[in-house]
Amino acid sequence: KAPTSTPSTLPSISPTMILETHNPSKAPTSTPSTLPSILPTKIPETNTPSKTPTSAPSALPSILPSISKKDMFIKKYKSVNKKHKDVTKVKPLFKVYIFDEKKSSLKDVDIVIAWNTTMANGKVKNGTSKPSTTKGKAGIATIKLPAQKKSTVMSVRPISISRSGYQYNKKLNKKYDRCRLFTPKCPFVTLSFQD
């Protein structure tokens with residue numbers, strides 16, 4: 001009886017106990033399920049390089065425009081009518097005097113003038129002068145305008161006054177008839193070519 005009882009009990013106990021107490025299936029499933037959920041969510045939140053490119057450029061542009069420029073303005077103007085080979089016409093010149101904020105004449109200022117004409121028959125023409133530069137001790141720019149019939153009325157206004165290191169300030173322009181030249185109240189100057 002002893003030899004037959006031993007083999008029948010051992011196989012039935014040993015396999016069932018090993019299967020019930022062995023936990024390899026729980027270990028691999030617990031570790032991977034927690035790691036992927038932590039790593040991807042926390043890394044983007046603590047990533048600092050994304051902040052540095054946006055903060056650095058935003059500070060630089062605010063510093064550059066703070067460089068101050070000196071004011072310049074139109075001290076006065078003068079209109080001259082030169083003779084034309086056609087006695088019914090003239091060759092108009094428009095002279096502009098540019099000064100700085102210290103009320104000193106200013107050279108090397110580039111000026112462009114827009115002009116508008118109304119002829120005796122009511123026909124209207126307009127155009128733009130070639131750039132002219134202030135010269136000499138008086139800071140004068142002489143702008144050549146198209147030849148006009150003496151019966152024509154012309155209005156002129158500056159559309160560009162520029163020089164490096166300076167800004168055009170029309171609020172300082174010379175007053176004529178209680179109105180500053182080329183400001184909203186006096187946007188242009190009218191030229192007459194009658195003798």
# chains A, B, ... in the order shown; residues from 1 in each chain; ligands from 1

$ residues_around --residues "Trp115 in chain A" --least-positions-apart "5" --cutoff "12 Å" --atoms "only C-alpha atoms" --output "ChimeraX atom specification"
/A:92-94,124-130,143-146,148,153-159,187-191

$ select_by_dssp --residues "range 62-138 of chain A" --states "strand (DSSP E or B)" --output "PyMOL selection string"
chain A and resi 70-83+89-100+105+110-118+124-128+132-133+135

$ residues_around --residues "Ser151 in chain A" --least-positions-apart "4" --cutoff "10 Å" --atoms "only C-alpha atoms" --output "count of residues only"
10

$ atom_distance --atom1 "CA of Lys150 in chain A" --atom2 "CA of Ile113 in chain A"
20.4 Å

$ residues_around --residues "Lys95 in chain A" --least-positions-apart "3" --cutoff "10 Å" --atoms "only C-alpha atoms" --output "list in words"
Lys76, Tyr77, Lys78, Ser79, Val80, Pro92, Ile98, Ser132, Thr134, Ile140, Ala141, Thr142, Ile143 and Lys144 of chain A

$ atom_distance --atom1 "CA of Ser68 in chain A" --atom2 "CA of Ser164 in chain A"
11.7 Å

$ select_by_dssp --residues "range 59-136 of chain A" --states "alpha helix (DSSP H)" --output "list in words"
Ala59, Leu60, Pro61, Ser62 and Ile63 of chain A

$ atom_distance --atom1 "CA of Glu101 in chain A" --atom2 "CA of Cys179 in chain A"
19.1 Å

$ closest_residue --among "A:Ala147, A:Val87, A:Cys186, A:Ile67" --to "Tyr166 in chain A" --atoms "only C-alpha atoms"
A:Ile67

$ closest_residue --among "A:Lys174, A:Lys123, A:His84, A:Lys69" --to "Phe99 in chain A" --atoms "only C-alpha atoms"
A:Lys174

$ residues_around --residues "Lys107 in chain A" --least-positions-apart "3" --cutoff "7 Å" --atoms "only C-alpha atoms" --output "ChimeraX atom specification"
/A:134-136,139
